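Take a look at the structure set out below.
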Amino acid sequence: SIRREYVLPDGVAHKRGYVVDLDKMSNPAEKKRKRPGPGERETNKEPEMQVLSLSNERFIVPEALFNPSDLGIDQAGIAEAIVQAVESCPPDLHQLLYSNVLLVGGSSLFPGFAERVYADLRPLVPDAFEVNVTLAEDPITAGWKGASQLAASKEFDQLA
């Protein structure tokens with residue numbers, strides 16, 4: 001099944017969100033919970049959880065990054081934005097830039113994201129150029145780390 005349920009973090013009982021194991025939930029022994037009868041109070045009450053159920057939305061949202069026009073947004077998708085960025089640089093750098101596409105940010109962690117970027121980018125790049133798409137080692141903090149290293153460098157004042 002493509003359906004997943006996510007328990008959202010509340011900052012108290014759940015510091016981090018997590019995916020509910022639906023196999024355990026489908027097991028009647030795990031799912032069964034004693035409910036208090038009339039006049040009884042519930043003991044060991046678990047904190048209320050916010051659960052987000054997703055099915056095909058899991059695929060629609062990432063798809064919007066590649067084809068925003070599907071949602072009526074007049075913007076370039078990821079591959080087109082990469083081409084626009086490279087084309088705005090001096091032509092001597094195009095080959096180098098296309099061979100060093102680095103994916104950063106949390107969205108790059110979607111399953112198959114790097115492969116999809118490559119598949120969408122390859123037809124847009126001249127055949128003579130190598131295309132290499134790499135996922136950063138820690139994509140969530142890579143952008144910040146790179147910017148902080150640049151800001152701390154001696155060359156930063158000349159670039160800014």
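The way I read the labels, and the way they are meant: chains A, B, ... in the order of the structure tokens, residue 1 as the first residue of every chain, and ligand 1 as the first ligand shown, with later ones counted on from there.
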- Item | Selection near A:Ala128, 12 Å with only C-alpha atoms, sequence-local residues under 2 positions removed, as number ranges by chain | A: 94-96, 98-99, 122-126, 130-131
Preceding selection exported with N, CA, C and O atoms as a compact mmCIF listing (two decimals), in the first residue's frame:
# COMPACT_ATOMS: atom_id res chain seq x y z
N HIS A 94 30.35 26.14 -18.48
CA HIS A 94 29.17 25.27 -18.63
C HIS A 94 29.51 23.80 -18.44
O HIS A 94 28.81 23.09 -17.68
N GLN A 95 30.53 23.32 -19.11
CA GLN A 95 30.88 21.91 -19.02
C GLN A 95 31.23 21.54 -17.58
O GLN A 95 30.78 20.50 -17.07
N LEU A 96 32.00 22.37 -16.91
CA LEU A 96 32.38 22.12 -15.52
C LEU A 96 31.15 22.11 -14.61
O LEU A 96 31.01 21.23 -13.74
N TYR A 98 27.89 21.57 -15.38
CA TYR A 98 27.01 20.43 -15.63
C TYR A 98 27.59 19.12 -15.07
O TYR A 98 26.85 18.21 -14.71
N SER A 99 28.89 19.04 -14.98
CA SER A 99 29.51 17.81 -14.47
C SER A 99 29.62 17.84 -12.94
O SER A 99 30.13 16.88 -12.34
N ARG A 122 19.46 15.55 -18.26
CA ARG A 122 20.27 15.03 -19.38
C ARG A 122 19.76 15.46 -20.75
O ARG A 122 20.56 15.92 -21.58
N PRO A 123 18.45 15.39 -21.05
CA PRO A 123 18.00 15.81 -22.39
C PRO A 123 18.12 17.32 -22.65
O PRO A 123 18.10 17.75 -23.80
N LEU A 124 18.28 18.11 -21.60
CA LEU A 124 18.37 19.57 -21.75
C LEU A 124 19.79 20.07 -21.94
O LEU A 124 20.00 21.24 -22.27
N VAL A 125 20.77 19.18 -21.75
CA VAL A 125 22.18 19.57 -21.80
C VAL A 125 22.77 19.05 -23.11
O VAL A 125 22.45 17.94 -23.54
N PRO A 126 23.63 19.84 -23.75
CA PRO A 126 24.27 19.37 -24.98
C PRO A 126 24.95 18.01 -24.79
O PRO A 126 25.55 17.75 -23.74
N GLU A 130 29.29 16.18 -20.16
CA GLU A 130 28.99 15.15 -19.17
C GLU A 130 28.05 15.76 -18.12
O GLU A 130 28.21 16.93 -17.74
N VAL A 131 27.09 15.00 -17.67
CA VAL A 131 26.20 15.45 -16.60
C VAL A 131 26.41 14.53 -15.41
O VAL A 131 26.33 13.31 -15.54
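With only C-alpha atoms taken into account, the protein and nucleic acid residues at most 9 Å from A:Glu80 (excluding it and anything under 5 positions from it in its own chain) are Phe66, Ala85, Asp120, Leu121 and Leu124 of chain A.
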- Query: Could you pull out all residues of chain A with a DSSP call of alpha helix (DSSP H) and give them as a ChimeraX atom specification?
  - Reply: /A:22-26,28-31,57-66,78-87,94-98,113-121,139-152,156-159
Mind running stretch 61-147 of chain A against stretch 152-155 of chain A at 12 Å and telling me each contacting residue's nearest atom pair with the distance in Å (one decimal), counting only C-alpha atoms, chain and number ascending, as JSON lines?
{"residue": "A:Lys145", "atom": "CA", "partner": "A:Ala152", "partner_atom": "CA", "distance": 10.6}
{"residue": "A:Gly146", "atom": "CA", "partner": "A:Ala152", "partner_atom": "CA", "distance": 10.0}
{"residue": "A:Ala147", "atom": "CA", "partner": "A:Ala152", "partner_atom": "CA", "distance": 8.6}
Output for the residues just chosen: N, CA and C atoms as a PDB file, in the first residue's frame:
ATOM      1  N   LYS A 145      26.678  24.987   5.583  1.00  0.00           N
ATOM      2  CA  LYS A 145      28.111  24.756   5.810  1.00  0.00           C
ATOM      3  C   LYS A 145      28.956  25.391   4.710  1.00  0.00           C
ATOM      4  N   GLY A 146      28.521  25.231   3.455  1.00  0.00           N
ATOM      5  CA  GLY A 146      29.260  25.824   2.348  1.00  0.00           C
ATOM      6  C   GLY A 146      29.284  27.343   2.425  1.00  0.00           C
ATOM      7  N   ALA A 147      28.152  27.943   2.742  1.00  0.00           N
ATOM      8  CA  ALA A 147      28.086  29.407   2.853  1.00  0.00           C
ATOM      9  C   ALA A 147      28.934  29.908   4.019  1.00  0.00           C
TER      10      ALA A 147
END
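Separating atom CA of A:Gly112 from atom CA of A:Val19 is a distance of 19.0 Å.
When the distance limit is 9 Å and only C-alpha atoms are what count, the residues near stretch 103-107 of chain A, minus those fewer than 5 positions from it on the same chain, are A:Pro62, A:Phe113, A:Ala114, A:Val133, A:Thr134, A:Leu135, A:Ala136, A:Glu137, A:Asp138, A:Pro139, A:Ile140, A:Thr141, A:Ala142, A:Gly143.
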Residues from last step as file, N, CA, C and O atoms, as a JSON list (two decimals), in the first residue's frame:
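Output below, filename selection_12.json:
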[["chain", "number", "residue", "atom", "x", "y", "z"],
["A", 62, "PRO", "N", 6.31, 16.01, -4.35],
["A", 62, "PRO", "CA", 7.63, 16.07, -4.99],
["A", 62, "PRO", "C", 7.54, 16.32, -6.49],
["A", 62, "PRO", "O", 8.40, 16.99, -7.06],
["A", 113, "PHE", "N", 15.26, 10.92, -5.94],
["A", 113, "PHE", "CA", 15.34, 12.33, -6.34],
["A", 113, "PHE", "C", 16.53, 12.61, -7.26],
["A", 113, "PHE", "O", 16.36, 13.23, -8.32],
["A", 114, "ALA", "N", 17.71, 12.14, -6.89],
["A", 114, "ALA", "CA", 18.91, 12.40, -7.71],
["A", 114, "ALA", "C", 18.77, 11.78, -9.09],
["A", 114, "ALA", "O", 19.12, 12.41, -10.10],
["A", 133, "VAL", "N", 25.16, 14.27, -11.38],
["A", 133, "VAL", "CA", 24.30, 14.77, -10.30],
["A", 133, "VAL", "C", 24.66, 14.00, -9.04],
["A", 133, "VAL", "O", 24.60, 12.77, -9.02],
["A", 134, "THR", "N", 25.04, 14.71, -7.99],
["A", 134, "THR", "CA", 25.48, 14.10, -6.75],
["A", 134, "THR", "C", 24.66, 14.62, -5.59],
["A", 134, "THR", "O", 24.37, 15.82, -5.52],
["A", 135, "LEU", "N", 24.32, 13.74, -4.68],
["A", 135, "LEU", "CA", 23.63, 14.13, -3.45],
["A", 135, "LEU", "C", 24.68, 14.45, -2.40],
["A", 135, "LEU", "O", 25.62, 13.67, -2.19],
["A", 136, "ALA", "N", 24.56, 15.60, -1.76],
["A", 136, "ALA", "CA", 25.52, 15.99, -0.72],
["A", 136, "ALA", "C", 25.52, 14.97, 0.40],
["A", 136, "ALA", "O", 24.52, 14.30, 0.66],
["A", 137, "GLU", "N", 26.65, 14.84, 1.08],
["A", 137, "GLU", "CA", 26.77, 13.89, 2.19],
["A", 137, "GLU", "C", 25.71, 14.15, 3.27],
["A", 137, "GLU", "O", 25.09, 13.23, 3.77],
["A", 138, "ASP", "N", 25.52, 15.40, 3.62],
["A", 138, "ASP", "CA", 24.48, 15.80, 4.58],
["A", 138, "ASP", "C", 23.69, 16.93, 3.91],
["A", 138, "ASP", "O", 23.96, 18.10, 4.13],
["A", 139, "PRO", "N", 22.71, 16.58, 3.07],
["A", 139, "PRO", "CA", 22.05, 17.60, 2.26],
["A", 139, "PRO", "C", 21.30, 18.66, 3.05],
["A", 139, "PRO", "O", 21.12, 19.77, 2.57],
["A", 140, "ILE", "N", 20.89, 18.35, 4.26],
["A", 140, "ILE", "CA", 20.11, 19.31, 5.03],
["A", 140, "ILE", "C", 20.98, 20.49, 5.49],
["A", 140, "ILE", "O", 20.54, 21.64, 5.47],
["A", 141, "THR", "N", 22.22, 20.23, 5.85],
["A", 141, "THR", "CA", 23.08, 21.32, 6.34],
["A", 141, "THR", "C", 24.16, 21.73, 5.34],
["A", 141, "THR", "O", 24.91, 22.67, 5.61],
["A", 142, "ALA", "N", 24.25, 21.06, 4.21],
["A", 142, "ALA", "CA", 25.33, 21.33, 3.25],
["A", 142, "ALA", "C", 25.34, 22.77, 2.75],
["A", 142, "ALA", "O", 26.41, 23.38, 2.65],
["A", 143, "GLY", "N", 24.20, 23.32, 2.45],
["A", 143, "GLY", "CA", 24.14, 24.71, 1.97],
["A", 143, "GLY", "C", 24.67, 25.69, 3.01],
["A", 143, "GLY", "O", 25.45, 26.59, 2.70]]
